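Taking it in order: structure first as structure tokens, then the write-up.
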There are 6 protein chains.
Amino acid sequence: MARVLLINPNISDSVSDLIRAEARRSASPGTQVDVLTAPFGVAYIETRFEALLGAHATAQLAAQHCAAYDAVVVAAFGDPGLPGLRELLPVPVTGMTEAALATAHLLGHRISIIAISQRIQAWYREVVEGYGFGGRLASIRALDRPLSSIGGVQEEHAQALRALAEKAVAEDGAEVIILAGAPLAGLARSLHGQLPVPVVDGVSSAVRHAETLAALQPGRALQGSFALPPAKPHKGLHPAIAALLDRQPR
Amino acid sequence: MARVLLINPNISDSVSDLIRAEARRSASPGTQVDVLTAPFGVAYIETRFEALLGAHATAQLAAQHCAAYDAVVVAAFGDPGLPGLRELLPVPVTGMTEAALATAHLLGHRISIIAISQRIQAWYREVVEGYGFGGRLASIRALDRPLSSIGGVQEEHAQALRALAEKAVAEDGAEVIILAGAPLAGLARSLHGQLPVPVVDGVSSAVRHAETLAALQPGRALQGSFALPPAKPHKGLHPAIAALLDRQPR
Amino acid sequence: MARVLLINPNISDSVSDLIRAEARRSASPGTQVDVLTAPFGVAYIETRFEALLGAHATAQLAAQHCAAYDAVVVAAFGDPGLPGLRELLPVPVTGMTEAALATAHLLGHRISIIAISQRIQAWYREVVEGYGFGGRLASIRALDRPLSSIGGVQEEHAQALRALAEKAVAEDGAEVIILAGAPLAGLARSLHGQLPVPVVDGVSSAVRHAETLAALQPGRALQGSFALPPAKPHKGLHPAIAALLDRQPR
Amino acid sequence: MARVLLINPNISDSVSDLIRAEARRSASPGTQVDVLTAPFGVAYIETRFEALLGAHATAQLAAQHCAAYDAVVVAAFGDPGLPGLRELLPVPVTGMTEAALATAHLLGHRISIIAISQRIQAWYREVVEGYGFGGRLASIRALDRPLSSIGGVQEEHAQALRALAEKAVAEDGAEVIILAGAPLAGLARSLHGQLPVPVVDGVSSAVRHAETLAALQPGRALQGSFALPPAKPHKGLHPAIAALLDRQPR
Amino acid sequence: MARVLLINPNISDSVSDLIRAEARRSASPGTQVDVLTAPFGVAYIETRFEALLGAHATAQLAAQHCAAYDAVVVAAFGDPGLPGLRELLPVPVTGMTEAALATAHLLGHRISIIAISQRIQAWYREVVEGYGFGGRLASIRALDRPLSSIGGVQEEHAQALRALAEKAVAEDGAEVIILAGAPLAGLARSLHGQLPVPVVDGVSSAVRHAETLAALQPGRALQGSFALPPAKPHKGLHPAIAALLDRQPR
Amino acid sequence: MARVLLINPNISDSVSDLIRAEARRSASPGTQVDVLTAPFGVAYIETRFEALLGAHATAQLAAQHCAAYDAVVVAAFGDPGLPGLRELLPVPVTGMTEAALATAHLLGHRISIIAISQRIQAWYREVVEGYGFGGRLASIRALDRPLSSIGGVQEEHAQALRALAEKAVAEDGAEVIILAGAPLAGLARSLHGQLPVPVVDGVSSAVRHAETLAALQPGRALQGSFALPPAKPHKGLHPAIAALLDRQPR
């Protein structure tokens, strides 16, 4: 009976709705799934600077609400703030990129990522390489047209996205496809059976892996670089963040 | 209601019992878990040549029995035959190393593997590097004493194994520990709360990830290098393998 | 006559004083050097989560003040927020780690970093690897005793730091030493002639390289992943950040 | 007066004939060269699963016959079972890929491989990367038409293969070409003088390097991961394999 | 008041003139800049063998003249002899490739190099990879037409060079451009404001970084692999080289 | 009936004698083996600068004498000038490091190098990494005592060298040992049967591989980066080098 909190690091409620719908469809029976939207930031994170903003907003929400959940998910591809949150939070935390890679890793060797904007590709690549998955990345391919509405990308561009996936298989040697970005949540489900290789979605992967972490209870880091940051003076922090930092040393 | 088949590529029934016990403890309610033991091979796979034997034995069992399951697990660390089976079988297949790495990837950056023999380390390292996880491997540490019985490693060497894990954290910078090898199935559960970083077990990881693959239904490879091998003449193969190879081209 | 702004992403005025002193000693004649201290955050950044906080604080200060400068320096080793700031700011920006690596790269092949806390090492390693310098890293070595005052680390631990540097040369094959962390600003100067290999300091490197970027005027990114983030809705951002994001598209 | 045994891991006698012809043309005066064909398996190995089958067939033949030879060659590109056989056999063993890479390494830095089917490329790439030669691989290029007869590939497709090699030089920066796959044995000899860079053939490389290993007598591994697998219970193995595993511990 | 000696490892005085002009434009007020031309060698270094010749010529000039300078620059892209000279000379030494990479590293993540001949690309790539910058190289692109005069490349091919840079940005993801080769010295300055990403020039980078090394005085290597080669018998060396090798052991 | 020329890039006749003896012992019946000693340079190459000198001396000898041989060997570990010579010479050329790695690659995965001085290790590592073999290097270990005579290293230090090899196997996971440096030529032969893993010698490997290249006749590079350097003005070169550079374009 896991309780999973997904935090949308963007300010778009329409994307949070897509996330919520796919998360609930993917969850095991009995799992409680909630989605929160960033109180500040931008409509859609495509760059390193926007991720910097989203990371702080996510941290504030996670600090305020994590006590009521068994696991937390950073619900944007690119996982803004994830490594830092893993130090701070008392519960397991994962992100859409990290979780999608974990699933894709079980389905094939070379992975392609289909994204919704040209600009987003460099940042995605850096995140994937930071996770050590650079050697398994066949390609990143992306839409090259402006998006009229971030909540409606799937309907508007479904055929173009599918064509990008097919090109990744035929030309880049992709053995698995990840449909990247919360605005595409649920598209893997719609494309079921229409692509020549397995297709992975970040939201459903993250929910399922969060459930697994809650069930296996691997334990929290008490030493090493994912333990709680050392106690030290701070100022001006959100009270919920301050409270987590001030927990008793372990 | 996933049905998961675990195949022990070794001939040791005592190890199959350990696998079965941990697999059933770890499975979600309603999941059916069965374990089969290799009909030929060695008592415990520590080397590349022994893995070559175990791979063929696993393939024969998998071919015979996969039709009754939603997912198959190669239940030896090192995953003998896994990439080949992914081409052959009509259902998702994973292995203990691959699955443990997927879980560890969600818990920390640098991963150490604790193993039960000195000899086994070189082979494990090659498998981990083959999966592209070499950059995240903090170390492999192993027992250096002979094992009196492969089914009794946990009881006999629990303290030594725990000490190896602690050294990996303190000296190698491990942020997650994987207890490797089917003979250690269940040990992570016993050590819960006794190690300073999260601990991952291959059997429970594999069962949970197999359930996830069965639930998410990412689709089978119809193109690319994990599609069924091209139809061609063969001879002398186990009938179940021959039948799978002779499926209609897609 | 470059004007260089250094931003201390930590809240410690005593460290800002060390930065200011070394920056002014290192600057070319005529260069204007100013140092600002983060308005919120922690006393000393050692972890990924603390860097997440420092990145946002640095972004706010940089956005408010960059118009009066020719270059900006993120004045903490680890460079919190640097890649994002490079997208946002209209002037060149560098950081202590990036700049120290650029200098060390000109002095030898294998580089060791001497740091002031055990905990800080994992984060430093990830930053260095993210810059693609992992192959040139001989080692990171760090003090293993608690620091009584962050502004007095140099006096208190000078001998221990020097001993760490000597070990890095003798045992790790270091051909250049970087003394890492703003609290060590100036120590390279004091140790001049006492170490058997060249010694690099982050503050002086960053000031000099900032001057070079101001002088060479290589131009700003108008395309690619370091151009200004695409215009889009936002909310709740610091007005100076919002103003920079809302600049006319180029 | 070396005696070299080449084992074709495929069931195709026509390919064994090609191997035998090229091996005998390439061998030094006085070298005895014999070729055996796999008793079970497929007509031509293109995939990981087919390699799994060929590895076991090769192991059985090698175990039965190695006592009469000074060196053994796995005579299929991709080297099915090679690392395991190196543990098992009392004589040196190499394979067509490994040997071709050793030769190509002496002739240029960036190497392209010309292969006979699209499907085979992913497996070849994994093998080359497993040998640590990924950084020297310029490209793999392959025929994209069905093969009417595996023994007649050279005649049927000589011009297409030559065109692929020329493209690899002109577009991929290849400085050496490897013509891959036993069905191409001898083609390098026919193309002599027709390509703008050196051309390497797996069979002739393997025969020559096998002679070199027999002559230099570098010694057998008695420790480390290529020593004979540790003595342990086994069952159901081919008697010749069992006999080799049961040799006295060294 | 740094004194910087640039050595052109080629025999072309016209290229030395280009180097001198750009070096003097780029230097800080008060810096003395001199340029010498190799006494033997080829007109323009494009290959490993030509670099071998240029390295020795550069060493002879550097040994003869270094006593009068605070820093030395190997003024050819590819840096012939640089690592060796760093062992030999009593003053800091850098090269055009190394220095351009240090600057580019401060301006973006993925770097493209624009070169003046097809042949030169393989050598450049090996040099960049040898510096550990392979992971940051987006591409190398080069003119494919013969050069009528090495001193007039800029005028003759300015538009083609600019088009190559634009392709590197648009197709290869370049975030910074390096205009490579001493014959292009000064072109970055002429193209200022005409390219969509920052542009880096080797000569100006090298002069500025040489000034920085002279100012920061990081110290000379007395141990490790960049210390003076151990004293030992020699014969037939240029007297200036012999004198430097025979300095008292430190 | 191959004719092989080995060039000692050092000025030590005693080392040339060791090379000659081992080369003749290792050669096939009928192979002609000659050894020449560098006319200028140092007694023993341990550093990058000494290699720069040795490269030029080797080039002069090779250019003068190559017409009478089927293959040339750079007979110093570290292979001074090898990549450049491959462009220049009309016959195949290899070096002791390259050839030893080719042999070791056929005998095990992880390779350790035993060297005769501490200082030499950094240079060896860079050469091995430049060949792309960094991932297979288990360790480099070296004598740490001064050598009383370069021609008598083997006798004086045989036990210490053997102990280093044993440590490399036991502590570094070496699966093959390379005894590095021409002064150790022949030692692998003396240690036969005394080490627990295969042992490789550079001179015998180079002679055998040179014979193989002469026999297989893979062809010369007419395009790509190992073709003859483009025709262009030069001055002051050794006449034999000039003559090779001025060959008719192909």
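As shown in the structure tokens, the chain order sets the letters A, B, ...; within each chain, residues go from 1, and ligands are also counted from 1 in the order they appear.
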
I'd like a table as a Markdown table: residues in chain A with an atom no more than 12 Å from chain D, each row giving the shortest atom pair and its distance in Å to one decimal, only C-alpha atoms counted, sorted by chain and rising residue number.
| residue | atom | partner | partner_atom | distance |
| --- | --- | --- | --- | --- |
| A:Gly108 | CA | D:Ala122 | CA | 11.2 |
| A:His109 | CA | D:Ala122 | CA | 9.4 |
| A:Arg110 | CA | D:Ala122 | CA | 9.4 |
| A:Gly135 | CA | D:Gly134 | CA | 10.3 |
| A:Arg136 | CA | D:Glu126 | CA | 11.1 |
| A:Ala138 | CA | D:Ala122 | CA | 11.6 |
| A:Ala170 | CA | D:Gln118 | CA | 10.9 |
| A:Glu171 | CA | D:Gln118 | CA | 11.6 |
| A:Asp172 | CA | D:Ala122 | CA | 11.2 |
| A:Gly173 | CA | D:Ala122 | CA | 8.1 |
| A:Ala174 | CA | D:Ala122 | CA | 10.3 |
| A:Glu175 | CA | D:Ala122 | CA | 9.9 |

Skip Glu155 (chain F) itself and residues of its chain fewer than 4 positions away, then list as a PDB file with N, CA and C atoms, in the first residue's frame all residues within 10 Å of it, counting only C-alpha atoms.
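Saved as out_1.pdb:
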ATOM      1  N   GLY F 151      72.771  -1.960 -19.572  1.00  0.00           N
ATOM      2  CA  GLY F 151      72.860  -3.265 -20.225  1.00  0.00           C
ATOM      3  C   GLY F 151      72.813  -4.433 -19.255  1.00  0.00           C
ATOM      4  N   GLN F 159      65.357 -10.760  -9.643  1.00  0.00           N
ATOM      5  CA  GLN F 159      64.414 -11.138  -8.585  1.00  0.00           C
ATOM      6  C   GLN F 159      63.404 -10.028  -8.294  1.00  0.00           C
ATOM      7  N   LEU F 184      65.221  -5.267 -21.004  1.00  0.00           N
ATOM      8  CA  LEU F 184      64.716  -6.541 -20.475  1.00  0.00           C
ATOM      9  C   LEU F 184      64.520  -7.580 -21.575  1.00  0.00           C
ATOM     10  N   LEU F 187      64.281 -11.496 -21.000  1.00  0.00           N
ATOM     11  CA  LEU F 187      63.962 -11.894 -19.635  1.00  0.00           C
ATOM     12  C   LEU F 187      62.723 -12.787 -19.585  1.00  0.00           C
TER      13      LEU F 187
END

* Could you pull the residues within 8 Å of Gln223 (chain A), counting only C-alpha atoms, minus those fewer than 4 positions along the same chain, as an NGL selection string? -> (:A and (227)) or (:B and (169 or 196-197))

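As for CA of Ala21 (chain B) and CA of Arg189 (chain B), they are spaced 11.8 Å apart.
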
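Residues of region 145-217 of chain B that DSSP places in strand (DSSP E), based on the backbone of this structure, are Val176, Ile177, Ile178, Leu179, Val199, Val200 and Asp201 of chain B.
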
Store the residues picked out above in a file with N, CA, C and O atoms, as a PDB file, in the first residue's frame.
ATOM      1  N   VAL B 176      25.978   2.435  -2.455  1.00  0.00           N
ATOM      2  CA  VAL B 176      24.992   1.347  -2.439  1.00  0.00           C
ATOM      3  C   VAL B 176      25.781   0.048  -2.450  1.00  0.00           C
ATOM      4  O   VAL B 176      26.845  -0.022  -3.072  1.00  0.00           O
ATOM      5  N   ILE B 177      25.247  -0.962  -1.794  1.00  0.00           N
ATOM      6  CA  ILE B 177      25.880  -2.283  -1.780  1.00  0.00           C
ATOM      7  C   ILE B 177      24.966  -3.287  -2.476  1.00  0.00           C
ATOM      8  O   ILE B 177      23.761  -3.321  -2.205  1.00  0.00           O
ATOM      9  N   ILE B 178      25.543  -4.082  -3.364  1.00  0.00           N
ATOM     10  CA  ILE B 178      24.820  -5.234  -3.921  1.00  0.00           C
ATOM     11  C   ILE B 178      25.425  -6.504  -3.326  1.00  0.00           C
ATOM     12  O   ILE B 178      26.640  -6.709  -3.422  1.00  0.00           O
ATOM     13  N   LEU B 179      24.599  -7.310  -2.708  1.00  0.00           N
ATOM     14  CA  LEU B 179      25.050  -8.624  -2.231  1.00  0.00           C
ATOM     15  C   LEU B 179      24.833  -9.593  -3.378  1.00  0.00           C
ATOM     16  O   LEU B 179      23.690  -9.876  -3.752  1.00  0.00           O
ATOM     17  N   VAL B 199      21.122  -1.455   0.726  1.00  0.00           N
ATOM     18  CA  VAL B 199      21.595  -2.778   0.328  1.00  0.00           C
ATOM     19  C   VAL B 199      20.605  -3.383  -0.672  1.00  0.00           C
ATOM     20  O   VAL B 199      19.398  -3.332  -0.447  1.00  0.00           O
ATOM     21  N   VAL B 200      21.148  -3.955  -1.731  1.00  0.00           N
ATOM     22  CA  VAL B 200      20.325  -4.486  -2.814  1.00  0.00           C
ATOM     23  C   VAL B 200      20.603  -5.973  -2.986  1.00  0.00           C
ATOM     24  O   VAL B 200      21.743  -6.415  -2.904  1.00  0.00           O
ATOM     25  N   ASP B 201      19.546  -6.709  -3.257  1.00  0.00           N
ATOM     26  CA  ASP B 201      19.617  -8.158  -3.458  1.00  0.00           C
ATOM     27  C   ASP B 201      19.154  -8.464  -4.874  1.00  0.00           C
ATOM     28  O   ASP B 201      18.191  -7.870  -5.369  1.00  0.00           O
TER      29      ASP B 201
END

* Contacts of Ile45 (chain E) at 12 Å or less, counting only C-alpha atoms, minus same-chain residues fewer than 2 places along, as a PyMOL selection string? -> (chain E and resi 8-12+15+38+41-43+47-55+75-80+116-117+119-121+123-124+150+181-183) or (chain F and resi 84+229-234)

Just the residues within 12 Å of Arg25 (chain A), please, counting only C-alpha atoms, with nothing from its chain fewer than 6 positions along; format it as an mmCIF file with N, CA, C and O atoms, in the first residue's frame.
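Output file around_33.cif is given in full below:
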data_model
loop_
_atom_site.group_PDB
_atom_site.id
_atom_site.type_symbol
_atom_site.label_atom_id
_atom_site.label_comp_id
_atom_site.auth_asym_id
_atom_site.auth_seq_id
_atom_site.Cartn_x
_atom_site.Cartn_y
_atom_site.Cartn_z
ATOM 1 N N LEU A 18 -1.765 15.398 -16.825
ATOM 2 C CA LEU A 18 -1.281 14.263 -17.612
ATOM 3 C C LEU A 18 -0.481 13.289 -16.750
ATOM 4 O O LEU A 18 -0.613 12.071 -16.870
ATOM 5 N N ILE A 19 0.365 13.852 -15.912
ATOM 6 C CA ILE A 19 1.172 13.020 -15.022
ATOM 7 C C ILE A 19 0.265 12.195 -14.114
ATOM 8 O O ILE A 19 0.439 10.981 -13.956
ATOM 9 N N THR A 31 -1.996 1.387 -4.380
ATOM 10 C CA THR A 31 -1.018 2.471 -4.248
ATOM 11 C C THR A 31 -1.725 3.823 -4.306
ATOM 12 O O THR A 31 -2.579 4.048 -5.157
ATOM 13 N N GLN A 32 -1.344 4.711 -3.379
ATOM 14 C CA GLN A 32 -1.893 6.077 -3.388
ATOM 15 C C GLN A 32 -0.943 6.965 -4.184
ATOM 16 O O GLN A 32 0.251 6.987 -3.923
ATOM 17 N N VAL A 33 -1.463 7.687 -5.161
ATOM 18 C CA VAL A 33 -0.633 8.522 -6.027
ATOM 19 C C VAL A 33 -1.130 9.964 -5.973
ATOM 20 O O VAL A 33 -2.297 10.225 -6.282
ATOM 21 N N ALA A 185 3.500 11.977 -21.078
ATOM 22 C CA ALA A 185 3.016 10.919 -20.185
ATOM 23 C C ALA A 185 1.791 10.252 -20.791
ATOM 24 O O ALA A 185 0.826 10.923 -21.139
ATOM 25 N N GLY A 186 1.860 8.942 -20.915
ATOM 26 C CA GLY A 186 0.724 8.208 -21.456
ATOM 27 C C GLY A 186 0.860 7.864 -22.930
ATOM 28 O O GLY A 186 0.195 6.962 -23.427
ATOM 29 N N ARG A 189 1.700 4.269 -23.841
ATOM 30 C CA ARG A 189 0.515 3.410 -23.764
ATOM 31 C C ARG A 189 -0.302 3.492 -25.064
ATOM 32 O O ARG A 189 -0.723 2.462 -25.596
ATOM 33 N N VAL A 203 6.849 8.423 -16.522
ATOM 34 C CA VAL A 203 5.955 8.478 -15.367
ATOM 35 C C VAL A 203 5.633 7.079 -14.862
ATOM 36 O O VAL A 203 5.740 6.789 -13.664
ATOM 37 N N SER A 204 5.243 6.186 -15.769
ATOM 38 C CA SER A 204 4.871 4.840 -15.310
ATOM 39 C C SER A 204 6.086 4.119 -14.738
ATOM 40 O O SER A 204 5.991 3.412 -13.727
ATOM 41 N N SER A 205 7.255 4.308 -15.360
ATOM 42 C CA SER A 205 8.466 3.695 -14.804
ATOM 43 C C SER A 205 8.733 4.212 -13.401
ATOM 44 O O SER A 205 9.047 3.443 -12.487
ATOM 45 N N VAL A 207 6.698 5.534 -11.193
ATOM 46 C CA VAL A 207 5.729 5.074 -10.189
ATOM 47 C C VAL A 207 6.014 3.634 -9.791
ATOM 48 O O VAL A 207 6.055 3.283 -8.614
ATOM 49 N N ARG A 208 6.256 2.793 -10.800
ATOM 50 C CA ARG A 208 6.513 1.381 -10.503
ATOM 51 C C ARG A 208 7.807 1.205 -9.698
ATOM 52 O O ARG A 208 7.868 0.421 -8.752
ATOM 53 N N ALA B 215 3.750 -5.805 -16.122
ATOM 54 C CA ALA B 215 2.639 -4.851 -15.972
ATOM 55 C C ALA B 215 2.674 -3.753 -17.024
ATOM 56 O O ALA B 215 1.638 -3.365 -17.569
ATOM 57 N N LEU B 216 3.862 -3.216 -17.299
ATOM 58 C CA LEU B 216 3.936 -2.059 -18.205
ATOM 59 C C LEU B 216 3.787 -2.457 -19.665
ATOM 60 O O LEU B 216 3.453 -1.633 -20.508
#

* To do: May I have the residues within 12 Å of Leu88 (chain E) as a ChimeraX atom specification, using only C-alpha atoms and disregarding those fewer than 4 positions away in the same chain?
  => /E:58-60,62-64,66,72,81-84,92-93,220-222,225-231,240-247 /F:47-50,52-53

Please write the residues from the selection above to a file, keeping N, CA, C and O atoms, as a compact mmCIF listing (two decimals), in the first residue's frame.
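Full text of selection.txt as output:
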# COMPACT_ATOMS: atom_id res chain seq x y z
N THR E 58 61.40 22.86 -32.83
CA THR E 58 60.92 23.73 -31.76
C THR E 58 61.79 23.59 -30.52
O THR E 58 62.11 24.59 -29.84
N ALA E 59 62.17 22.35 -30.22
CA ALA E 59 62.99 22.12 -29.02
C ALA E 59 64.33 22.86 -29.14
O ALA E 59 64.82 23.43 -28.16
N GLN E 60 64.91 22.83 -30.32
CA GLN E 60 66.20 23.50 -30.49
C GLN E 60 66.05 25.01 -30.27
O GLN E 60 66.83 25.63 -29.54
N ALA E 62 63.65 26.59 -28.66
CA ALA E 62 63.25 26.88 -27.28
C ALA E 62 64.45 26.80 -26.35
O ALA E 62 64.63 27.64 -25.46
N ALA E 63 65.27 25.78 -26.54
CA ALA E 63 66.44 25.62 -25.68
C ALA E 63 67.39 26.80 -25.83
O ALA E 63 67.97 27.29 -24.85
N GLN E 64 67.55 27.28 -27.07
CA GLN E 64 68.47 28.39 -27.30
C GLN E 64 67.98 29.70 -26.68
O GLN E 64 68.76 30.51 -26.21
N CYS E 66 65.02 30.29 -24.45
CA CYS E 66 64.06 30.39 -23.35
C CYS E 66 64.57 31.23 -22.19
O CYS E 66 63.78 31.80 -21.42
N VAL E 72 56.87 30.24 -22.88
CA VAL E 72 57.08 29.86 -24.27
C VAL E 72 55.77 29.27 -24.82
O VAL E 72 55.04 28.58 -24.09
N GLY E 81 55.57 18.63 -29.84
CA GLY E 81 56.62 18.60 -28.84
C GLY E 81 56.25 19.17 -27.49
O GLY E 81 57.08 19.11 -26.56
N LEU E 82 55.03 19.67 -27.34
CA LEU E 82 54.70 20.36 -26.09
C LEU E 82 54.96 19.54 -24.83
O LEU E 82 55.63 20.02 -23.91
N PRO E 83 54.44 18.30 -24.72
CA PRO E 83 54.65 17.58 -23.45
C PRO E 83 56.14 17.41 -23.13
O PRO E 83 56.55 17.52 -21.97
N GLY E 84 56.95 17.15 -24.14
CA GLY E 84 58.38 17.02 -23.90
C GLY E 84 59.01 18.33 -23.45
O GLY E 84 59.83 18.36 -22.53
N PRO E 92 57.24 28.19 -17.91
CA PRO E 92 56.00 27.57 -18.39
C PRO E 92 55.94 27.56 -19.91
O PRO E 92 56.44 28.47 -20.58
N VAL E 93 55.29 26.53 -20.46
CA VAL E 93 55.15 26.41 -21.91
C VAL E 93 53.73 25.91 -22.20
O VAL E 93 53.20 25.07 -21.49
N ARG E 220 57.50 25.18 -10.59
CA ARG E 220 57.94 24.20 -11.58
C ARG E 220 57.89 22.79 -10.98
O ARG E 220 58.03 22.62 -9.77
N ALA E 221 57.73 21.79 -11.82
CA ALA E 221 57.73 20.40 -11.33
C ALA E 221 59.15 19.98 -10.95
O ALA E 221 60.06 20.04 -11.79
N LEU E 222 59.32 19.59 -9.71
CA LEU E 222 60.61 19.05 -9.25
C LEU E 222 60.53 17.54 -9.08
O LEU E 222 61.55 16.87 -8.99
N SER E 225 56.40 13.31 -13.50
CA SER E 225 56.81 13.08 -14.88
C SER E 225 57.09 14.35 -15.67
O SER E 225 57.50 14.26 -16.82
N PHE E 226 56.85 15.54 -15.08
CA PHE E 226 57.22 16.76 -15.79
C PHE E 226 58.46 17.42 -15.21
O PHE E 226 58.82 18.53 -15.60
N ALA E 227 59.12 16.75 -14.28
CA ALA E 227 60.42 17.25 -13.82
C ALA E 227 61.44 17.07 -14.95
O ALA E 227 61.20 16.36 -15.93
N LEU E 228 62.58 17.72 -14.82
CA LEU E 228 63.67 17.56 -15.79
C LEU E 228 64.02 16.07 -15.92
O LEU E 228 64.05 15.35 -14.93
N PRO E 229 64.27 15.58 -17.15
CA PRO E 229 64.65 14.17 -17.29
C PRO E 229 65.88 13.86 -16.43
O PRO E 229 66.75 14.71 -16.26
N PRO E 230 65.95 12.63 -15.90
CA PRO E 230 67.10 12.25 -15.06
C PRO E 230 68.43 12.43 -15.82
O PRO E 230 68.50 12.19 -17.03
N ALA E 231 69.45 12.82 -15.09
CA ALA E 231 70.78 12.97 -15.71
C ALA E 231 71.26 11.62 -16.24
O ALA E 231 71.11 10.59 -15.57
N ALA E 240 72.43 23.67 -26.89
CA ALA E 240 71.48 24.31 -25.97
C ALA E 240 70.60 23.27 -25.27
O ALA E 240 70.25 23.40 -24.10
N ILE E 241 70.23 22.23 -26.02
CA ILE E 241 69.46 21.14 -25.40
C ILE E 241 70.32 20.41 -24.39
O ILE E 241 69.89 20.13 -23.26
N ALA E 242 71.55 20.12 -24.78
CA ALA E 242 72.45 19.42 -23.86
C ALA E 242 72.63 20.21 -22.57
O ALA E 242 72.62 19.65 -21.47
N ALA E 243 72.75 21.52 -22.70
CA ALA E 243 72.96 22.34 -21.50
C ALA E 243 71.76 22.27 -20.57
O ALA E 243 71.90 22.19 -19.35
N LEU E 244 70.55 22.29 -21.14
CA LEU E 244 69.36 22.22 -20.29
C LEU E 244 69.27 20.84 -19.62
O LEU E 244 68.92 20.74 -18.44
N LEU E 245 69.60 19.78 -20.36
CA LEU E 245 69.54 18.44 -19.77
C LEU E 245 70.58 18.27 -18.66
O LEU E 245 70.38 17.49 -17.73
N ASP E 246 71.69 19.01 -18.79
CA ASP E 246 72.76 18.84 -17.81
C ASP E 246 72.66 19.77 -16.61
O ASP E 246 73.58 19.82 -15.79
N ARG E 247 71.57 20.52 -16.51
CA ARG E 247 71.39 21.32 -15.31
C ARG E 247 71.55 20.44 -14.08
O ARG E 247 71.23 19.25 -14.10
N THR F 47 61.42 9.50 -20.74
CA THR F 47 60.51 10.65 -20.65
C THR F 47 60.05 11.07 -22.04
O THR F 47 60.59 10.67 -23.06
N ARG F 48 59.03 11.95 -22.02
CA ARG F 48 58.46 12.44 -23.28
C ARG F 48 59.51 13.21 -24.08
O ARG F 48 59.55 13.11 -25.31
N PHE F 49 60.35 13.99 -23.39
CA PHE F 49 61.32 14.77 -24.15
C PHE F 49 62.38 13.87 -24.77
O PHE F 49 62.78 14.05 -25.93
N GLU F 50 62.84 12.89 -24.02
CA GLU F 50 63.81 11.96 -24.57
C GLU F 50 63.22 11.18 -25.75
O GLU F 50 63.92 10.86 -26.71
N LEU F 52 61.04 12.40 -27.82
CA LEU F 52 61.04 13.36 -28.93
C LEU F 52 62.38 13.29 -29.67
O LEU F 52 62.43 13.28 -30.92
N LEU F 53 63.48 13.22 -28.90
CA LEU F 53 64.80 13.11 -29.53
C LEU F 53 64.94 11.77 -30.25
O LEU F 53 65.40 11.71 -31.40

* Please return as a VMD selection string: the residues of region 10-142 of chain F that backbone DSSP assigns to helix (DSSP H, G or I). => chain F and resid 13 to 26 48 to 68 82 to 88 96 to 105 120 to 130 134 to 136

* **Exercise: Leu143 (chain D) partners within 12 Å, only C-alpha atoms, chain neighbours under 2 positions left out, as a PyMOL selection string** => chain D and resi 113-121+140-141+145-147+153-154+156-165+179-180

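Ranking C:Val4, C:Leu107, C:Leu137, C:Ala57 by their shortest atom-to-atom distance to Lys235 (chain A), with only C-alpha atoms included, puts C:Ala57 first.
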